[in-house]
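Notes follow the structure.
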Number of protein chains: 6
Amino acid sequence: MSQFRNNKILIIAPHADDEVLGVGGTMARFAAEGAEVYVIIATKGYPPDYSEELSTTVRNQALVANRLLGTKETQFLDLPAANLDCVPYRDINHQLVEAIRNIQPEVLYIPFNGDLHIDHQKIFSSALVAARPNRINAPSRIYAYETLSETNWNAPYLTPNFVPNVFVDISGYLEMKIEAMAIYASQIQPFPHERSLEALRALATLRGTTVGRFAAEAFVLVREII
Amino acid sequence: MSQFRNNKILIIAPHADDEVLGVGGTMARFAAEGAEVYVIIATKGYPPDYSEELSTTVRNQALVANRLLGTKETQFLDLPAANLDCVPYRDINHQLVEAIRNIQPEVLYIPFNGDLHIDHQKIFSSALVAARPNRINAPSRIYAYETLSETNWNAPYLTPNFVPNVFVDISGYLEMKIEAMAIYASQIQPFPHERSLEALRALATLRGTTVGRFAAEAFVLVREII
Amino acid sequence: MSQFRNNKILIIAPHADDEVLGVGGTMARFAAEGAEVYVIIATKGYPPDYSEELSTTVRNQALVANRLLGTKETQFLDLPAANLDCVPYRDINHQLVEAIRNIQPEVLYIPFNGDLHIDHQKIFSSALVAARPNRINAPSRIYAYETLSETNWNAPYLTPNFVPNVFVDISGYLEMKIEAMAIYASQIQPFPHERSLEALRALATLRGTTVGRFAAEAFVLVREII
Amino acid sequence: MSQFRNNKILIIAPHADDEVLGVGGTMARFAAEGAEVYVIIATKGYPPDYSEELSTTVRNQALVANRLLGTKETQFLDLPAANLDCVPYRDINHQLVEAIRNIQPEVLYIPFNGDLHIDHQKIFSSALVAARPNRINAPSRIYAYETLSETNWNAPYLTPNFVPNVFVDISGYLEMKIEAMAIYASQIQPFPHERSLEALRALATLRGTTVGRFAAEAFVLVREII
Amino acid sequence: MSQFRNNKILIIAPHADDEVLGVGGTMARFAAEGAEVYVIIATKGYPPDYSEELSTTVRNQALVANRLLGTKETQFLDLPAANLDCVPYRDINHQLVEAIRNIQPEVLYIPFNGDLHIDHQKIFSSALVAARPNRINAPSRIYAYETLSETNWNAPYLTPNFVPNVFVDISGYLEMKIEAMAIYASQIQPFPHERSLEALRALATLRGTTVGRFAAEAFVLVREII
Amino acid sequence: MSQFRNNKILIIAPHADDEVLGVGGTMARFAAEGAEVYVIIATKGYPPDYSEELSTTVRNQALVANRLLGTKETQFLDLPAANLDCVPYRDINHQLVEAIRNIQPEVLYIPFNGDLHIDHQKIFSSALVAARPNRINAPSRIYAYETLSETNWNAPYLTPNFVPNVFVDISGYLEMKIEAMAIYASQIQPFPHERSLEALRALATLRGTTVGRFAAEAFVLVREII
């Protein structure tokens, strides 16, 4: 009932590791099932907040982690991390428009606009501009994903709340997701931090059992055109 | 990327004609594309509010209209129309559980819980109970549809608001939907009533243009399991 | 039951044509019924995104279109189009405060804060600051209007949703609205784009039938003082 | 800009005194300005919960209080107080349809669906059914009012929240409202109970100052047709 | 900063086991810290849906499980399980008013009104009526708890969503909670059902890591008086 | 049941006087009960909008008013008043992180993100970043307070709405709050402005009676860790 123009999936991550935290298992599963998975890491850490060395390290980790998950291509934009509120929407829009035009993904995963991090909020808005449904090659499905240590730290009932309506069974891919996340050594915190592997596993288990599966990733549907 | 267990679609309509108003074009398209379309009309009009003759007439119209749209089977339950608030949830639940167990649909369309009509609200809730995702054969996709002359007549921002996130292109099936609705002669009102063919056409046009299509039906996703 | 201080109406449009898309029929009707209709076009397109020629053309179209609708005066501010996120709120506030002080409108129409376009969102917020109800000559009624190709393209349930509670019967003025929109030749797209005349007509028909009228424009009430 | 079919106002109160708590000042003002004010008290207290004597007393108080406010007619329905969840919607709908058809009010005031009391919730829903905008004589404006000791006692963010967008200046009528409420001696509680005259005065003061007036009653607009 | 009138905690559970699923760890912790913990099981299963034997068994399990958690007293009401929509609110209100008057709890835990089960929804509403803040001995804190296999199975964004703002650290009591739940042998389902011990553990882990704890139970605050 | 690490309370005020408007009575009460109360005034008025003299005067008033309420320390940051949208989040975050790290408050009061003033909105967001629950000394309770002439002037149902779930009894401290506010002579407007002492008193009375107290301040809980 759902014919697809192509089998391209694009995940837009504000920062390297968001794509794994939110969509890692889904990336692995769909890649295994034949999809072409693309990742765009939208920002880069700059001195003095982030050393060049750290930025390079993290980008290399991203390449390794994404390759493990079967990603076909990981692209890096150079927007300034943790400073997107100082970048005009027009510039972010422009870069995402370009990226989407080049890849022409059928499915798009974007961060959640209720995340505490302003970078996530702006990428969400710009991605919706870039994916406006007025062009024939606009993505036909757009999902917002959750990010541990961002999504649950905003204000209940006062900022947009993540209440998922889409569940992707990743029972066979949870271990691969955990492994991919482990590659981002510098981004992981020891349990019981929310950005720990234990929290990641608990979230996948909970999302899975909600729909009777061993593990799942959950999303909020933004728009689907069938 | 989405393998289906089967290609069965079930539309639950509180009253005969709701299935055409909300899902008629989608039924026609998916039937044409090979889906098995089932319809359950949940209620029946009883005297003194509705004559037996009228009830029989409407049910015959439902059979004709649904057949036109390619429906494989239209089932009728005998719950009392416009009186569902007097029927225990348990009984409604039970009947819908049975129906879903028998048909085992992959996709489920239900009325919207923000509709003004209490029958719509109760069918929505009971359908969600009947489609709980704890059984392996639960529907993998549940959508709420809009019903002209119910959905827009409730209280903005005070009752649940219909803001669609799923659009089904029915450009090639709008005329068939209009034709099917015309079969329900007794349920149609002259323009500019909201339950007129002109309103139906305007809604399909608007929902279509939102996503750059000539005509569409729009839904709110309740849950999807992939 | 509602005595008015005056009969001045002010529509604030982020960009030329928004006033017609959202309020064109209402402008025409109230002008015909004796209101003084004012329009403020808040932004101007600048090179390199917009040529000077195009900006001039569009402003001339605005004058013609608004005059057709019976507008008494169309004012142009020079804020940079598609760049309002780079303009301090204080500056936008200041310009709108001035404009409202000069016109002293009884009724104010502003864009919707859930529109996808950041310009719409900022104009909404600044207009509310400028129309704070602490001054005796503050507008006594404030409405948010919908804009095809902006309002329906944001994220359902995650950004503010347009669910109208005010319907203005424009049955006698729809053709004039369409005509006014047609003057903005450069802003119209061919059907089935959402910014087509066909979409505009479908929206007016739908909003009309919701309240049993042939055509209507619909709004969300922000505040009314009686 | 707003021509009215007539100048009839109808307030539907679940229980005697709700009309004064929520709309008393507005009733007084509009009656003084020439409106015909109608009140429907929807329920009656029955033994064993309420003695016949108390019911009679309260109804007499309603007549006196409403007359003081300039009400043209107070009608009493006999639905069972605090038991509306046991009355079929169809019956409540029917009684309200009749009442609205007879009075043909231009403006309708109804209780708020987020009130803690189930009677308020059901009257809200039934009133919306009775005031559906598909008939030419449907009310053109519908407002929900707040009721001290009901509206603020429900669950913030979990049940519908009263956030007013309509403010009626009752600066000249607050004392009359207080006086009318004082007639309902049995329904008033000593300060600091929320159903005290002091609370009533504080609420009117707060609602007033929000829009720079000495006193106001505040409402949520459900629908306006202009 | 928070002086308490007493140290009594009351959990109202629609069905035996809801109190453990939602509040088990908190009960154990606060009991260990000196609180008097009371539980009210509101309903009883009746034939033919539930055998007398099963009902007796479950009640005995409740006594054992609650005692394990340090509960001072478990009370059983006899409202009909899965049939509360057929019981007048007045009767449910009355029983809960009585119970709360007798116990006079300082803190009250109630089910969530967005749960799929109608029994949960009605107990929520009746509990708020029974705990109205107009009496000097009303509970000073009211929390809604989540229930696996009910809370996550309703409709995202259409029914009230559980987004917790209160987290109780149960790191030292999670094992006791699991043990208590295991006593309800008949209510547990094998993993990956959402009502499995694995899901319970995952939820506690996730809620804990959100606030940097090893395990937590999470709640939505309904009202607190300090 | 609630052991506290310390008894430090921190109020973050965008502008001098917000702390008294929103939290003045609570500050007075908790100081009297032994808490250490800290206040951070986040911004300063700069020429040409605010004269140096006025800024100095207001800061002196803040010191006097806060001392009256029992504040242990009032700190002043130098962020530009009414211009926070032009300050990078990173800078605001950094200053609040520092302040919170130094004070290590147990309880945090922040402005409401639905306030009309952009300064309030940005301070809200930055405060949540600074109070992220991933550090062991993060505040265990975070409340948003309401500010007369900001909170009620935004857009009902379109921007976040203040619906309080926490009520602090300030019956014994209302006069002190009024007195403290009166010190801010330049910030007070004559009745019936919303920023008048009469409005302040009405709000406290209303919030009090909602929970059966003579006066209260009301808050929305953002997060509590117990």
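Convention: chains lettered A, B, ... in structure tokens order; per-chain residue numbering from 1; ligands numbered from 1 as shown.
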Legend entry - All residues 6 Å or closer to region 185-198 of chain D, only C-alpha atoms, same chain fewer than 5 positions away omitted, as a PyMOL selection string: (chain D and resi 148-149) or (chain F and resi 209-210+212-214)
Inset, instruction - Tell me which protein, DNA and RNA residues are within 8 Å of region 66-77 of chain B, counting only C-alpha atoms, leaving out same-chain ones fewer than 3 positions away, and put them as a ChimeraX atom specification. - result: /B:20,24-25,27-28,31-32,36-44,62-63,95,176-177,180
File of the preceding selection, all heavy atoms, as a compact mmCIF listing (two decimals), in the first residue's frame:
```txt
# COMPACT_ATOMS: atom_id res chain seq x y z
N VAL B 20 -17.46 6.80 4.73
CA VAL B 20 -17.23 7.47 3.44
C VAL B 20 -16.75 8.90 3.67
O VAL B 20 -15.81 9.37 3.03
CB VAL B 20 -18.51 7.46 2.59
CG1 VAL B 20 -18.29 8.24 1.28
CG2 VAL B 20 -18.93 6.02 2.28
N GLY B 24 -13.44 7.55 2.65
CA GLY B 24 -13.94 7.02 1.38
C GLY B 24 -12.90 6.98 0.26
O GLY B 24 -12.78 5.96 -0.44
N GLY B 25 -12.15 8.02 0.10
CA GLY B 25 -11.16 8.04 -0.97
C GLY B 25 -10.01 7.08 -0.70
O GLY B 25 -9.50 6.42 -1.62
N MET B 27 -10.22 4.35 1.10
CA MET B 27 -10.75 3.00 0.87
C MET B 27 -10.66 2.65 -0.62
O MET B 27 -10.18 1.57 -0.99
CB MET B 27 -12.21 2.94 1.32
CG MET B 27 -12.42 3.03 2.83
SD MET B 27 -14.17 3.43 3.25
CE MET B 27 -15.02 1.96 2.60
N ALA B 28 -11.14 3.59 -1.44
CA ALA B 28 -11.15 3.34 -2.89
C ALA B 28 -9.74 3.12 -3.42
O ALA B 28 -9.47 2.20 -4.19
CB ALA B 28 -11.82 4.51 -3.60
N ALA B 31 -8.16 -0.17 -2.00
CA ALA B 31 -8.82 -1.34 -2.62
C ALA B 31 -8.30 -1.51 -4.04
O ALA B 31 -7.99 -2.64 -4.46
CB ALA B 31 -10.33 -1.15 -2.61
N ALA B 32 -8.20 -0.41 -4.76
CA ALA B 32 -7.70 -0.49 -6.14
C ALA B 32 -6.26 -0.98 -6.18
O ALA B 32 -5.83 -1.61 -7.14
CB ALA B 32 -7.81 0.89 -6.80
N GLU B 36 -7.52 -5.50 1.08
CA GLU B 36 -8.86 -6.00 1.43
C GLU B 36 -9.46 -5.01 2.42
O GLU B 36 -8.96 -4.88 3.53
CB GLU B 36 -8.78 -7.37 2.10
CG GLU B 36 -8.38 -8.48 1.16
CD GLU B 36 -8.34 -9.82 1.91
OE1 GLU B 36 -9.03 -9.94 2.94
OE2 GLU B 36 -7.60 -10.71 1.46
N VAL B 37 -10.53 -4.35 2.02
CA VAL B 37 -11.10 -3.30 2.85
C VAL B 37 -12.35 -3.83 3.57
O VAL B 37 -13.28 -4.33 2.93
CB VAL B 37 -11.47 -2.07 2.00
CG1 VAL B 37 -12.12 -1.01 2.86
CG2 VAL B 37 -10.22 -1.52 1.31
N TYR B 38 -12.33 -3.70 4.89
CA TYR B 38 -13.48 -4.08 5.71
C TYR B 38 -14.05 -2.84 6.39
O TYR B 38 -13.31 -1.93 6.77
CB TYR B 38 -13.05 -5.07 6.81
CG TYR B 38 -12.59 -6.39 6.27
CD1 TYR B 38 -11.28 -6.54 5.79
CD2 TYR B 38 -13.44 -7.49 6.23
CE1 TYR B 38 -10.85 -7.75 5.28
CE2 TYR B 38 -13.02 -8.72 5.72
CZ TYR B 38 -11.72 -8.83 5.24
OH TYR B 38 -11.29 -10.03 4.73
N VAL B 39 -15.37 -2.85 6.55
CA VAL B 39 -16.03 -1.75 7.25
C VAL B 39 -16.93 -2.33 8.32
O VAL B 39 -17.65 -3.32 8.08
CB VAL B 39 -16.87 -0.90 6.27
CG1 VAL B 39 -17.73 0.11 7.02
CG2 VAL B 39 -15.97 -0.18 5.26
N ILE B 40 -16.87 -1.73 9.49
CA ILE B 40 -17.83 -2.07 10.54
C ILE B 40 -18.66 -0.83 10.84
O ILE B 40 -18.10 0.21 11.19
CB ILE B 40 -17.11 -2.54 11.83
CG1 ILE B 40 -16.46 -3.90 11.58
CG2 ILE B 40 -18.07 -2.61 13.00
CD1 ILE B 40 -15.65 -4.40 12.75
N ILE B 41 -19.97 -0.96 10.66
CA ILE B 41 -20.89 0.11 11.07
C ILE B 41 -21.35 -0.27 12.47
O ILE B 41 -22.02 -1.27 12.66
CB ILE B 41 -22.10 0.20 10.12
CG1 ILE B 41 -21.66 0.23 8.66
CG2 ILE B 41 -22.99 1.37 10.49
CD1 ILE B 41 -20.94 1.48 8.22
N ALA B 42 -20.99 0.54 13.45
CA ALA B 42 -21.13 0.10 14.84
C ALA B 42 -22.55 0.18 15.38
O ALA B 42 -22.94 -0.59 16.24
CB ALA B 42 -20.18 0.90 15.73
N THR B 43 -23.33 1.13 14.88
CA THR B 43 -24.65 1.34 15.49
C THR B 43 -25.78 1.17 14.48
O THR B 43 -25.57 1.12 13.28
CB THR B 43 -24.77 2.76 16.08
OG1 THR B 43 -24.75 3.71 15.01
CG2 THR B 43 -23.64 3.06 17.05
N LYS B 44 -26.96 1.13 15.04
CA LYS B 44 -28.19 1.04 14.24
C LYS B 44 -29.17 2.04 14.83
O LYS B 44 -29.23 2.21 16.05
CB LYS B 44 -28.74 -0.38 14.33
CG LYS B 44 -30.01 -0.60 13.55
CD LYS B 44 -30.58 -2.00 13.78
CE LYS B 44 -32.00 -2.07 13.24
NZ LYS B 44 -32.61 -3.39 13.55
N ALA B 62 -25.37 1.84 2.62
CA ALA B 62 -24.00 1.57 3.05
C ALA B 62 -23.39 0.45 2.21
O ALA B 62 -22.24 0.54 1.75
CB ALA B 62 -23.96 1.21 4.53
N LEU B 63 -24.18 -0.59 1.99
CA LEU B 63 -23.67 -1.72 1.20
C LEU B 63 -23.32 -1.28 -0.22
O LEU B 63 -22.27 -1.65 -0.76
CB LEU B 63 -24.71 -2.84 1.17
CG LEU B 63 -24.90 -3.59 2.50
CD1 LEU B 63 -26.08 -4.53 2.42
CD2 LEU B 63 -23.62 -4.36 2.85
N GLN B 95 -17.58 -6.17 21.64
CA GLN B 95 -17.97 -6.32 20.24
C GLN B 95 -16.82 -5.93 19.30
O GLN B 95 -16.60 -6.57 18.27
CB GLN B 95 -19.22 -5.48 19.94
CG GLN B 95 -20.43 -5.98 20.74
CD GLN B 95 -21.75 -5.59 20.08
OE1 GLN B 95 -21.82 -5.42 18.87
NE2 GLN B 95 -22.80 -5.47 20.88
N MET B 176 -14.94 9.24 -7.08
CA MET B 176 -15.59 8.02 -6.59
C MET B 176 -16.11 8.21 -5.16
O MET B 176 -17.18 7.73 -4.81
CB MET B 176 -14.58 6.87 -6.65
CG MET B 176 -15.23 5.52 -6.50
SD MET B 176 -14.01 4.18 -6.65
CE MET B 176 -13.60 4.29 -8.40
N LYS B 177 -15.35 8.93 -4.36
CA LYS B 177 -15.80 9.21 -2.99
C LYS B 177 -17.08 10.05 -3.02
O LYS B 177 -18.03 9.77 -2.28
CB LYS B 177 -14.70 9.97 -2.24
CG LYS B 177 -15.13 10.47 -0.87
CD LYS B 177 -14.02 11.20 -0.11
CE LYS B 177 -14.53 11.69 1.24
NZ LYS B 177 -13.46 12.07 2.16
N ALA B 180 -19.88 7.89 -3.99
CA ALA B 180 -20.29 7.00 -2.90
C ALA B 180 -21.10 7.77 -1.86
O ALA B 180 -22.10 7.28 -1.33
CB ALA B 180 -19.05 6.37 -2.25
```
Listing only residues of chain A within 8 Å of chain F, what is the closest atom pair and its distance in Å (to one decimal) for each, using only C-alpha atoms, sorted by chain and residue number ascending, as a Markdown table?
```
| residue | atom | partner | partner_atom | distance |
| --- | --- | --- | --- | --- |
| A:Ala82 | CA | F:Arg90 | CA | 7.1 |
| A:Asn83 | CA | F:Arg90 | CA | 6.9 |
| A:Asp85 | CA | F:Pro88 | CA | 6.7 |
| A:Cys86 | CA | F:Pro88 | CA | 6.3 |
| A:Leu116 | CA | F:Val129 | CA | 7.1 |
| A:His117 | CA | F:Val129 | CA | 8.0 |
| A:Trp153 | CA | F:Arg132 | CA | 6.6 |
| A:Asn154 | CA | F:Leu128 | CA | 7.0 |
| A:Ala155 | CA | F:Val222 | CA | 5.5 |
| A:Pro156 | CA | F:Val222 | CA | 6.5 |
| A:Leu158 | CA | F:Pro160 | CA | 5.6 |
| A:Thr159 | CA | F:Pro160 | CA | 7.5 |
| A:His193 | CA | F:Asn134 | CA | 6.4 |
| A:Glu194 | CA | F:Asn134 | CA | 7.5 |
```
Legend entry - Residue list (strand (DSSP E or B), DSSP) for region 20-198 of chain E, as JSON, numbers by chain: {"E": [36, 37, 38, 39, 40, 41, 42, 43, 44, 73, 74, 75, 76, 77, 78, 79, 80, 107, 108, 109, 110, 111, 141, 142, 143, 144, 145, 166, 167, 168, 169]}
Output N, CA, C and O atoms for every residue in the selection just made, as a compact mmCIF listing (two decimals), in the first residue's frame.
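After the write, selection_7.txt holds the following:
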```
# COMPACT_ATOMS: atom_id res chain seq x y z
N GLU E 36 3.13 6.43 57.53
CA GLU E 36 2.06 5.42 57.60
C GLU E 36 1.44 5.31 56.22
O GLU E 36 0.81 6.25 55.73
N VAL E 37 1.59 4.16 55.62
CA VAL E 37 1.12 3.98 54.25
C VAL E 37 -0.22 3.24 54.23
O VAL E 37 -0.32 2.15 54.79
N TYR E 38 -1.21 3.86 53.59
CA TYR E 38 -2.53 3.24 53.43
C TYR E 38 -2.79 2.98 51.95
O TYR E 38 -2.37 3.77 51.10
N VAL E 39 -3.47 1.88 51.69
CA VAL E 39 -3.84 1.57 50.31
C VAL E 39 -5.33 1.28 50.26
O VAL E 39 -5.86 0.58 51.12
N ILE E 40 -5.99 1.86 49.26
CA ILE E 40 -7.38 1.51 49.00
C ILE E 40 -7.45 0.87 47.62
O ILE E 40 -7.04 1.48 46.62
N ILE E 41 -7.92 -0.37 47.59
CA ILE E 41 -8.18 -1.04 46.31
C ILE E 41 -9.66 -0.78 46.02
O ILE E 41 -10.54 -1.25 46.74
N ALA E 42 -9.93 -0.05 44.98
CA ALA E 42 -11.29 0.47 44.80
C ALA E 42 -12.30 -0.54 44.27
O ALA E 42 -13.48 -0.44 44.56
N THR E 43 -11.82 -1.49 43.48
CA THR E 43 -12.78 -2.38 42.82
C THR E 43 -12.54 -3.84 43.18
O THR E 43 -11.51 -4.22 43.74
N LYS E 44 -13.53 -4.64 42.81
CA LYS E 44 -13.45 -6.08 42.99
C LYS E 44 -13.92 -6.73 41.70
O LYS E 44 -14.85 -6.22 41.05
N GLU E 73 -2.06 -0.39 56.28
CA GLU E 73 -3.41 -0.95 56.13
C GLU E 73 -3.83 -0.92 54.67
O GLU E 73 -3.66 0.09 53.98
N THR E 74 -4.39 -2.03 54.21
CA THR E 74 -4.96 -2.12 52.87
C THR E 74 -6.46 -2.30 52.99
O THR E 74 -6.92 -3.25 53.62
N GLN E 75 -7.20 -1.35 52.43
CA GLN E 75 -8.66 -1.42 52.49
C GLN E 75 -9.20 -1.83 51.12
O GLN E 75 -8.65 -1.45 50.09
N PHE E 76 -10.31 -2.55 51.12
CA PHE E 76 -10.92 -2.97 49.87
C PHE E 76 -12.33 -2.41 49.75
O PHE E 76 -13.16 -2.62 50.64
N LEU E 77 -12.57 -1.69 48.68
CA LEU E 77 -13.94 -1.31 48.35
C LEU E 77 -14.48 -2.37 47.38
O LEU E 77 -13.72 -3.16 46.84
N ASP E 78 -15.77 -2.33 47.16
CA ASP E 78 -16.36 -3.40 46.37
C ASP E 78 -16.95 -2.92 45.06
O ASP E 78 -17.88 -3.52 44.51
N LEU E 79 -16.42 -1.84 44.55
CA LEU E 79 -16.91 -1.35 43.25
C LEU E 79 -16.58 -2.38 42.18
O LEU E 79 -15.58 -3.09 42.27
N PRO E 80 -17.40 -2.47 41.14
CA PRO E 80 -17.23 -3.53 40.15
C PRO E 80 -16.10 -3.24 39.15
O PRO E 80 -16.16 -2.25 38.42
N VAL E 107 -0.71 12.97 52.05
CA VAL E 107 -0.29 12.81 50.65
C VAL E 107 -1.19 11.77 49.99
O VAL E 107 -1.50 10.74 50.59
N LEU E 108 -1.57 12.04 48.75
CA LEU E 108 -2.52 11.17 48.05
C LEU E 108 -1.95 10.81 46.68
O LEU E 108 -1.54 11.70 45.91
N TYR E 109 -1.94 9.54 46.36
CA TYR E 109 -1.52 9.05 45.04
C TYR E 109 -2.73 8.46 44.33
O TYR E 109 -3.40 7.59 44.87
N ILE E 110 -2.96 8.95 43.12
CA ILE E 110 -4.14 8.49 42.37
C ILE E 110 -3.71 8.09 40.96
O ILE E 110 -2.66 8.52 40.46
N PRO E 111 -4.52 7.25 40.29
CA PRO E 111 -4.17 6.87 38.91
C PRO E 111 -4.26 8.08 37.99
O PRO E 111 -4.77 9.13 38.37
N ARG E 141 -0.91 17.20 49.31
CA ARG E 141 -0.21 16.87 48.07
C ARG E 141 -0.92 15.74 47.35
O ARG E 141 -1.24 14.72 47.96
N ILE E 142 -1.16 15.92 46.07
CA ILE E 142 -1.84 14.91 45.26
C ILE E 142 -0.99 14.64 44.03
O ILE E 142 -0.64 15.57 43.29
N TYR E 143 -0.67 13.37 43.83
CA TYR E 143 0.13 12.96 42.68
C TYR E 143 -0.61 11.93 41.84
O TYR E 143 -1.30 11.07 42.39
N ALA E 144 -0.46 12.00 40.54
CA ALA E 144 -0.95 10.94 39.66
C ALA E 144 0.21 10.04 39.28
O ALA E 144 1.30 10.53 38.95
N TYR E 145 -0.03 8.75 39.33
CA TYR E 145 1.04 7.79 39.01
C TYR E 145 0.78 7.10 37.67
O TYR E 145 -0.32 7.13 37.16
N VAL E 166 7.63 14.94 38.93
CA VAL E 166 8.08 14.56 40.28
C VAL E 166 8.76 13.20 40.20
O VAL E 166 8.19 12.26 39.62
N PHE E 167 9.96 13.12 40.75
CA PHE E 167 10.73 11.88 40.71
C PHE E 167 11.12 11.49 42.13
O PHE E 167 11.78 12.26 42.82
N VAL E 168 10.71 10.28 42.53
CA VAL E 168 11.07 9.79 43.86
C VAL E 168 12.17 8.74 43.70
O VAL E 168 11.98 7.72 43.02
N ASP E 169 13.28 9.00 44.32
CA ASP E 169 14.42 8.08 44.25
C ASP E 169 14.07 6.78 44.98
O ASP E 169 13.83 6.80 46.19
```
Legend entry - Test item: residues at most 8 Å from region 204-206 of chain F, only C-alpha atoms, excluding those fewer than 4 positions along its chain, as an NGL selection string: (:D and (194 or 199 or 202-203)) or (:F and (174 or 200 or 210 or 214-217))
Now that the selection is made, can you save its residues with N, CA, C and O atoms as a PDB file, in the first residue's frame?
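File written: out.pdb
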```pdb
ATOM      1  N   GLU D 194     -13.399  29.386  48.702  1.00  0.00           N
ATOM      2  CA  GLU D 194     -13.400  29.979  47.363  1.00  0.00           C
ATOM      3  C   GLU D 194     -14.788  30.448  46.958  1.00  0.00           C
ATOM      4  O   GLU D 194     -14.934  31.298  46.078  1.00  0.00           O
ATOM      5  N   ALA D 199     -13.785  36.139  47.720  1.00  0.00           N
ATOM      6  CA  ALA D 199     -13.129  35.511  46.567  1.00  0.00           C
ATOM      7  C   ALA D 199     -13.723  36.032  45.266  1.00  0.00           C
ATOM      8  O   ALA D 199     -13.010  36.276  44.288  1.00  0.00           O
ATOM      9  N   ALA D 202     -12.282  39.365  44.605  1.00  0.00           N
ATOM     10  CA  ALA D 202     -10.873  39.276  44.181  1.00  0.00           C
ATOM     11  C   ALA D 202     -10.774  38.825  42.726  1.00  0.00           C
ATOM     12  O   ALA D 202      -9.974  39.361  41.948  1.00  0.00           O
ATOM     13  N   LEU D 203     -11.581  37.865  42.361  1.00  0.00           N
ATOM     14  CA  LEU D 203     -11.555  37.371  40.979  1.00  0.00           C
ATOM     15  C   LEU D 203     -11.936  38.485  40.010  1.00  0.00           C
ATOM     16  O   LEU D 203     -11.272  38.687  38.983  1.00  0.00           O
TER      17      LEU D 203
ATOM     18  N   LEU F 174       1.353  38.487  53.498  1.00  0.00           N
ATOM     19  CA  LEU F 174       0.872  39.301  52.384  1.00  0.00           C
ATOM     20  C   LEU F 174       1.168  40.781  52.599  1.00  0.00           C
ATOM     21  O   LEU F 174       1.607  41.482  51.684  1.00  0.00           O
ATOM     22  N   LEU F 200      -2.220  43.076  43.010  1.00  0.00           N
ATOM     23  CA  LEU F 200      -1.368  42.143  43.737  1.00  0.00           C
ATOM     24  C   LEU F 200      -2.155  41.486  44.877  1.00  0.00           C
ATOM     25  O   LEU F 200      -2.083  40.277  45.105  1.00  0.00           O
ATOM     26  N   THR F 210      -8.435  29.548  46.530  1.00  0.00           N
ATOM     27  CA  THR F 210      -8.481  28.291  45.768  1.00  0.00           C
ATOM     28  C   THR F 210      -8.157  27.101  46.663  1.00  0.00           C
ATOM     29  O   THR F 210      -8.682  26.005  46.463  1.00  0.00           O
ATOM     30  N   PHE F 214      -6.215  32.398  53.323  1.00  0.00           N
ATOM     31  CA  PHE F 214      -6.491  33.828  53.171  1.00  0.00           C
ATOM     32  C   PHE F 214      -5.651  34.464  52.054  1.00  0.00           C
ATOM     33  O   PHE F 214      -6.080  35.407  51.405  1.00  0.00           O
ATOM     34  N   ALA F 215      -4.478  33.949  51.859  1.00  0.00           N
ATOM     35  CA  ALA F 215      -3.619  34.481  50.800  1.00  0.00           C
ATOM     36  C   ALA F 215      -2.591  33.425  50.424  1.00  0.00           C
ATOM     37  O   ALA F 215      -2.148  32.644  51.262  1.00  0.00           O
ATOM     38  N   ALA F 216      -2.262  33.396  49.163  1.00  0.00           N
ATOM     39  CA  ALA F 216      -1.257  32.434  48.702  1.00  0.00           C
ATOM     40  C   ALA F 216      -0.531  32.989  47.494  1.00  0.00           C
ATOM     41  O   ALA F 216      -1.011  33.907  46.825  1.00  0.00           O
ATOM     42  N   GLU F 217       0.658  32.437  47.260  1.00  0.00           N
ATOM     43  CA  GLU F 217       1.323  32.602  45.972  1.00  0.00           C
ATOM     44  C   GLU F 217       1.264  31.253  45.272  1.00  0.00           C
ATOM     45  O   GLU F 217       1.352  30.209  45.922  1.00  0.00           O
TER      46      GLU F 217
END
```
Legend entry - One-decimal distance in Å that lies between CA of Phe219 (chain A) and CA of Lys8 (chain A): 18.0 Å
Legend entry - Those in region 6-88 of chain D with alpha helix (DSSP H) from DSSP, as an MDAnalysis selection string: chainID D and resid 18:32 52:68
